[in-house]
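Student: Submitted below is the structure of interest, expressed as structure tokens.
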Amino acid sequence: LSAYLRAFVEIKLVSIEQITYSEFLEYISEPTCYNSINMSPLEGNMVMELSYPVVFPMLDLMLGGTGLPPKEERAITDIEWSIFDGVIHLAMKDLREAWKPVVDLDLRVTARDSKPQMLQFVSLSEPVVAIGLEVRIGNNSGSMNLGIPSIMLKLIRHKFEQQAWAMRRKEDIDRDKQRLRHLLPSLPVELTAEIRGTSITIRDFLELNAGDVISLDHYSDKPVIVAIEEIYGVTPGPKA
């Protein structure tokens with residue numbers, strides 16, 4: 001969003017809670033930028049709201065201005081709605097990426113209005129998961145609110161559980177790796193090296209005495225067989 005608007009944009013998570021849709025609407029001031037977004041293949045819509053204190057500075061930046069709000073409060077015009085679609089589509093692109101580990105969504109705006117009551121996509125008593133974000137552009141700050149019907153999330157609860165298990169499993173594996181790295185350096189092991197390929201007769205073997213020299217067929221620059229705790233491998237030998 002910062003690159004798109006060519007301005008510093010800061011977004012902070014303020015709250016995540018489950019409330020009724022009527023309570024969600026109480027957080028929304030009018031007029032505002034209110035969008036109903038289809039979440040195919042899930043059956044239902046979510047809402048994305050951006051308050052005017054950040055909408056108009058964004059519009060001003062996209063039209064070549066410095067990001068100032070209008071001097072007088074007014075509603076967004078149809079032309080401004082069309083221009084602001086770029087910001088909405090950019091936000092939906094990021095939402096798709098965020099949701100990908102759980103479900104591959106095809107997000108698209110199905111309706112928009114400056115009055116939230118005109119887009120009642122669920123009953124007022126139905127619970128929704130409300131995500132509140134603070135958006136700051138320069139000296140201007142406002143809000144972005146997302147509302148997702150709780151029933152939609154319950155239908156894919158098993159996918160969240162699978163993702164959470166996979167994340168916990170990865171954390172366990174990483175923790176085990178760190179523990180092994182800590183323990184292995186001080187772990188004592190038996191190391192043996194063998195030079196093979198030389199043979200003598202049993203008669204010569206029985207006649208060996210202290211101080212006798214056995215000539216080996218193994219060159220000093222050839223690999224030797226090394227065993228760590230009786231597990232064999234080949235390693236380069238010492239140079240002559």
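Chain labels run A, B, ... following the order of the structure tokens; each chain numbers its residues from 1, and ligands are numbered from 1 in the order shown.
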Residues of range 49-194 of chain A classed as alpha helix (DSSP H) by DSSP on the backbone are to be reported as a ChimeraX atom specification.
Tutor: /A:52-62,78-99,150-155,157-183
Student: Keeping only C-alpha atoms, write the selected residues to a file as a JSON list (two decimals), in the first residue's frame.
Tutor:
```json
[["chain", "number", "residue", "atom", "x", "y", "z"],
["A", 52, "TYR", "CA", -13.27, 8.69, 5.47],
["A", 53, "PRO", "CA", -10.34, 10.17, 7.47],
["A", 54, "VAL", "CA", -8.05, 7.79, 5.55],
["A", 55, "VAL", "CA", -10.09, 7.33, 2.37],
["A", 56, "PHE", "CA", -9.87, 10.97, 1.27],
["A", 57, "PRO", "CA", -6.11, 11.31, 1.93],
["A", 58, "MET", "CA", -5.60, 8.15, -0.16],
["A", 59, "LEU", "CA", -7.72, 9.60, -2.96],
["A", 60, "ASP", "CA", -5.79, 12.86, -2.79],
["A", 61, "LEU", "CA", -2.48, 10.98, -3.09],
["A", 62, "MET", "CA", -3.71, 8.94, -6.05],
["A", 78, "ASP", "CA", -19.03, 7.74, -8.13],
["A", 79, "ILE", "CA", -15.80, 8.71, -9.87],
["A", 80, "GLU", "CA", -13.92, 8.61, -6.55],
["A", 81, "TRP", "CA", -15.41, 5.17, -5.83],
["A", 82, "SER", "CA", -13.95, 3.93, -9.13],
["A", 83, "ILE", "CA", -10.53, 5.41, -8.32],
["A", 84, "PHE", "CA", -10.56, 3.96, -4.82],
["A", 85, "ASP", "CA", -11.22, 0.48, -6.23],
["A", 86, "GLY", "CA", -7.44, 0.19, -6.67],
["A", 87, "VAL", "CA", -6.93, 0.30, -2.91],
["A", 88, "ILE", "CA", -9.74, -2.22, -2.30],
["A", 89, "HIS", "CA", -8.33, -4.68, -4.84],
["A", 90, "LEU", "CA", -4.86, -4.31, -3.34],
["A", 91, "ALA", "CA", -6.26, -5.11, 0.12],
["A", 92, "MET", "CA", -8.09, -8.15, -1.28],
["A", 93, "LYS", "CA", -4.87, -9.37, -2.89],
["A", 94, "ASP", "CA", -3.14, -9.30, 0.50],
["A", 95, "LEU", "CA", -6.13, -11.03, 2.08],
["A", 96, "ARG", "CA", -5.93, -13.84, -0.50],
["A", 97, "GLU", "CA", -2.27, -14.40, 0.38],
["A", 98, "ALA", "CA", -3.07, -14.39, 4.10],
["A", 99, "TRP", "CA", -5.83, -16.97, 3.64],
["A", 150, "SER", "CA", -18.70, -16.69, 12.48],
["A", 151, "ILE", "CA", -20.64, -19.52, 10.83],
["A", 152, "MET", "CA", -18.30, -19.37, 7.82],
["A", 153, "LEU", "CA", -15.25, -19.84, 10.02],
["A", 154, "LYS", "CA", -16.87, -22.69, 11.95],
["A", 155, "LEU", "CA", -17.46, -24.58, 8.70],
["A", 157, "ARG", "CA", -12.58, -24.95, 11.59],
["A", 158, "HIS", "CA", -10.83, -28.24, 10.78],
["A", 159, "LYS", "CA", -8.60, -26.40, 8.27],
["A", 160, "PHE", "CA", -7.48, -23.98, 10.96],
["A", 161, "GLU", "CA", -6.80, -26.93, 13.28],
["A", 162, "GLN", "CA", -4.71, -28.64, 10.58],
["A", 163, "GLN", "CA", -2.71, -25.47, 10.01],
["A", 164, "ALA", "CA", -2.20, -24.98, 13.74],
["A", 165, "TRP", "CA", -1.02, -28.60, 14.09],
["A", 166, "ALA", "CA", 1.41, -28.16, 11.18],
["A", 167, "MET", "CA", 2.80, -24.99, 12.75],
["A", 168, "ARG", "CA", 3.17, -26.66, 16.14],
["A", 169, "ARG", "CA", 4.85, -29.65, 14.48],
["A", 170, "LYS", "CA", 7.32, -27.35, 12.71],
["A", 171, "GLU", "CA", 8.06, -25.60, 15.99],
["A", 172, "ASP", "CA", 8.65, -28.98, 17.67],
["A", 173, "ILE", "CA", 11.04, -30.05, 14.89],
["A", 174, "ASP", "CA", 12.94, -26.76, 15.07],
["A", 175, "ARG", "CA", 13.17, -27.07, 18.85],
["A", 176, "ASP", "CA", 14.47, -30.65, 18.56],
["A", 177, "LYS", "CA", 17.08, -29.55, 16.03],
["A", 178, "GLN", "CA", 18.30, -26.81, 18.36],
["A", 179, "ARG", "CA", 18.48, -29.30, 21.24],
["A", 180, "LEU", "CA", 20.51, -31.74, 19.14],
["A", 181, "ARG", "CA", 22.89, -28.99, 18.06],
["A", 182, "HIS", "CA", 23.40, -28.18, 21.74],
["A", 183, "LEU", "CA", 23.96, -31.79, 22.84]]
```
Student: How many Å lie between CA of Glu23 in chain A and CA of Ser114 in chain A, rounded to one decimal?
Tutor: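 Spanning CA of Glu23 in chain A to CA of Ser114 in chain A is a straight-line distance of 18.1 Å.
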Student: Contacts of Leu119 in chain A at 10 Å or less, counting only C-alpha atoms, minus same-chain residues fewer than 6 places along, as a PDB file with all heavy atoms, in the first residue's frame?
Tutor:
```pdb
ATOM      1  N   TYR A  34     -17.910   1.346   2.602  1.00  0.00           N
ATOM      2  CA  TYR A  34     -18.378   0.050   3.079  1.00  0.00           C
ATOM      3  C   TYR A  34     -18.517  -0.899   1.894  1.00  0.00           C
ATOM      4  O   TYR A  34     -19.238  -0.614   0.942  1.00  0.00           O
ATOM      5  CB  TYR A  34     -19.728   0.230   3.777  1.00  0.00           C
ATOM      6  CG  TYR A  34     -20.064  -0.834   4.795  1.00  0.00           C
ATOM      7  CD1 TYR A  34     -19.391  -0.900   6.003  1.00  0.00           C
ATOM      8  CD2 TYR A  34     -21.065  -1.762   4.549  1.00  0.00           C
ATOM      9  CE1 TYR A  34     -19.704  -1.861   6.946  1.00  0.00           C
ATOM     10  CE2 TYR A  34     -21.395  -2.724   5.485  1.00  0.00           C
ATOM     11  CZ  TYR A  34     -20.705  -2.771   6.686  1.00  0.00           C
ATOM     12  OH  TYR A  34     -21.012  -3.731   7.627  1.00  0.00           O
ATOM     13  N   ASN A  35     -17.806  -2.036   1.958  1.00  0.00           N
ATOM     14  CA  ASN A  35     -17.765  -2.966   0.823  1.00  0.00           C
ATOM     15  C   ASN A  35     -18.174  -4.363   1.257  1.00  0.00           C
ATOM     16  O   ASN A  35     -17.688  -4.873   2.270  1.00  0.00           O
ATOM     17  CB  ASN A  35     -16.350  -3.033   0.244  1.00  0.00           C
ATOM     18  CG  ASN A  35     -15.826  -1.685  -0.198  1.00  0.00           C
ATOM     19  OD1 ASN A  35     -16.007  -1.284  -1.337  1.00  0.00           O
ATOM     20  ND2 ASN A  35     -15.178  -0.971   0.715  1.00  0.00           N
ATOM     21  N   SER A  36     -19.047  -4.992   0.483  1.00  0.00           N
ATOM     22  CA  SER A  36     -19.411  -6.385   0.698  1.00  0.00           C
ATOM     23  C   SER A  36     -18.589  -7.227  -0.276  1.00  0.00           C
ATOM     24  O   SER A  36     -18.598  -6.991  -1.482  1.00  0.00           O
ATOM     25  CB  SER A  36     -20.905  -6.596   0.443  1.00  0.00           C
ATOM     26  OG  SER A  36     -21.257  -7.957   0.590  1.00  0.00           O
ATOM     27  N   VAL A  47     -17.363  -8.148   5.099  1.00  0.00           N
ATOM     28  CA  VAL A  47     -17.416  -6.717   4.832  1.00  0.00           C
ATOM     29  C   VAL A  47     -16.070  -6.097   5.164  1.00  0.00           C
ATOM     30  O   VAL A  47     -15.367  -6.539   6.071  1.00  0.00           O
ATOM     31  CB  VAL A  47     -18.539  -6.012   5.635  1.00  0.00           C
ATOM     32  CG1 VAL A  47     -19.898  -6.456   5.156  1.00  0.00           C
ATOM     33  CG2 VAL A  47     -18.371  -6.240   7.118  1.00  0.00           C
ATOM     34  N   ALA A 111     -20.917  -5.508  -3.664  1.00  0.00           N
ATOM     35  CA  ALA A 111     -21.719  -4.300  -3.426  1.00  0.00           C
ATOM     36  C   ALA A 111     -20.916  -3.335  -2.579  1.00  0.00           C
ATOM     37  O   ALA A 111     -20.004  -3.738  -1.853  1.00  0.00           O
ATOM     38  CB  ALA A 111     -23.044  -4.655  -2.735  1.00  0.00           C
ATOM     39  N   ARG A 112     -21.252  -2.046  -2.668  1.00  0.00           N
ATOM     40  CA  ARG A 112     -20.576  -1.036  -1.864  1.00  0.00           C
ATOM     41  C   ARG A 112     -21.519   0.121  -1.628  1.00  0.00           C
ATOM     42  O   ARG A 112     -22.422   0.399  -2.437  1.00  0.00           O
ATOM     43  CB  ARG A 112     -19.299  -0.557  -2.552  1.00  0.00           C
ATOM     44  CG  ARG A 112     -19.544   0.094  -3.897  1.00  0.00           C
ATOM     45  CD  ARG A 112     -18.257   0.335  -4.636  1.00  0.00           C
ATOM     46  NE  ARG A 112     -18.499   1.057  -5.893  1.00  0.00           N
ATOM     47  CZ  ARG A 112     -17.589   1.211  -6.843  1.00  0.00           C
ATOM     48  NH1 ARG A 112     -16.376   0.683  -6.673  1.00  0.00           N
ATOM     49  NH2 ARG A 112     -17.867   1.879  -7.941  1.00  0.00           N
ATOM     50  N   ASP A 113     -21.334   0.802  -0.512  1.00  0.00           N
ATOM     51  CA  ASP A 113     -22.213   1.919  -0.181  1.00  0.00           C
ATOM     52  C   ASP A 113     -21.535   2.761   0.887  1.00  0.00           C
ATOM     53  O   ASP A 113     -20.620   2.299   1.579  1.00  0.00           O
ATOM     54  CB  ASP A 113     -23.569   1.409   0.319  1.00  0.00           C
ATOM     55  CG  ASP A 113     -24.687   2.420   0.057  1.00  0.00           C
ATOM     56  OD1 ASP A 113     -24.633   3.520   0.648  1.00  0.00           O
ATOM     57  OD2 ASP A 113     -25.594   2.110  -0.727  1.00  0.00           O
TER      58      ASP A 113
END
```
Student: What's around Ser123 in chain A at 9 Å? Count only C-alpha atoms, leave out sequence neighbours fewer than 2 positions away in its own chain, and write the answer as an MDAnalysis selection string.
Tutor: chainID A and resid 20:22 120:121 125:127
Student: Step one, run DSSP on the backbone; step two, keep only residues of range 7-236 of chain A assigned to strand (DSSP E); then write them as an MDAnalysis selection string.
Tutor: chainID A and resid 9:20 33:40 45:50 106:113 127:137 140:149 191:194 224:228 231:235
Student: What is the CA of Leu25 in chain A-CA of Phe8 in chain A distance in Å, reported with one decimal?
Tutor: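 Going from CA of Leu25 in chain A over to CA of Phe8 in chain A covers 29.0 Å.
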Student: Counting only C-alpha atoms, which of A:Ile137, A:Met48, A:Val129, A:Leu124 gets nearest to Glu26 in chain A?
Tutor: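 For Glu26 in chain A, the nearest of the candidates is A:Leu124.
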Student: Show which residues sit within 7 Å of range 195-211 of chain A, as a list in words. Count only C-alpha atoms, and ignore same-chain residues fewer than 6 positions away.
Tutor: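 Those residues are Asp217, His218, Val224 and Ile225 of chain A.
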Student: Which residue, A:Asp212, A:Asp106, A:Glu49, A:Glu73, has the smallest gap to Ala130 in chain A when you use only C-alpha atoms?
Tutor: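 Nearest candidate to Ala130 in chain A out of A:Asp212, A:Asp106, A:Glu49, A:Glu73: A:Glu49.
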Student: What separation in Å, quoted to one decimal, exists between CA of Pro41 in chain A and CA of Tyr4 in chain A?
Tutor: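 Pair CA of Pro41 in chain A / CA of Tyr4 in chain A returns 28.5 Å.
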Student: Pick out the residues sitting within 10 Å of Glu229 in chain A, and hand them over as a PyMOL selection string; count only C-alpha atoms, and ignore anything fewer than 2 positions along from it in its own chain.
Tutor: chain A and resi 188-192+226-227+231-232
Student: Counting only C-alpha atoms, which residue out of A:Thr110, A:Met46, A:Ser220, A:Ile228 sits closest to Leu146 in chain A?
Tutor: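 For Leu146 in chain A, the nearest of the candidates is A:Met46.
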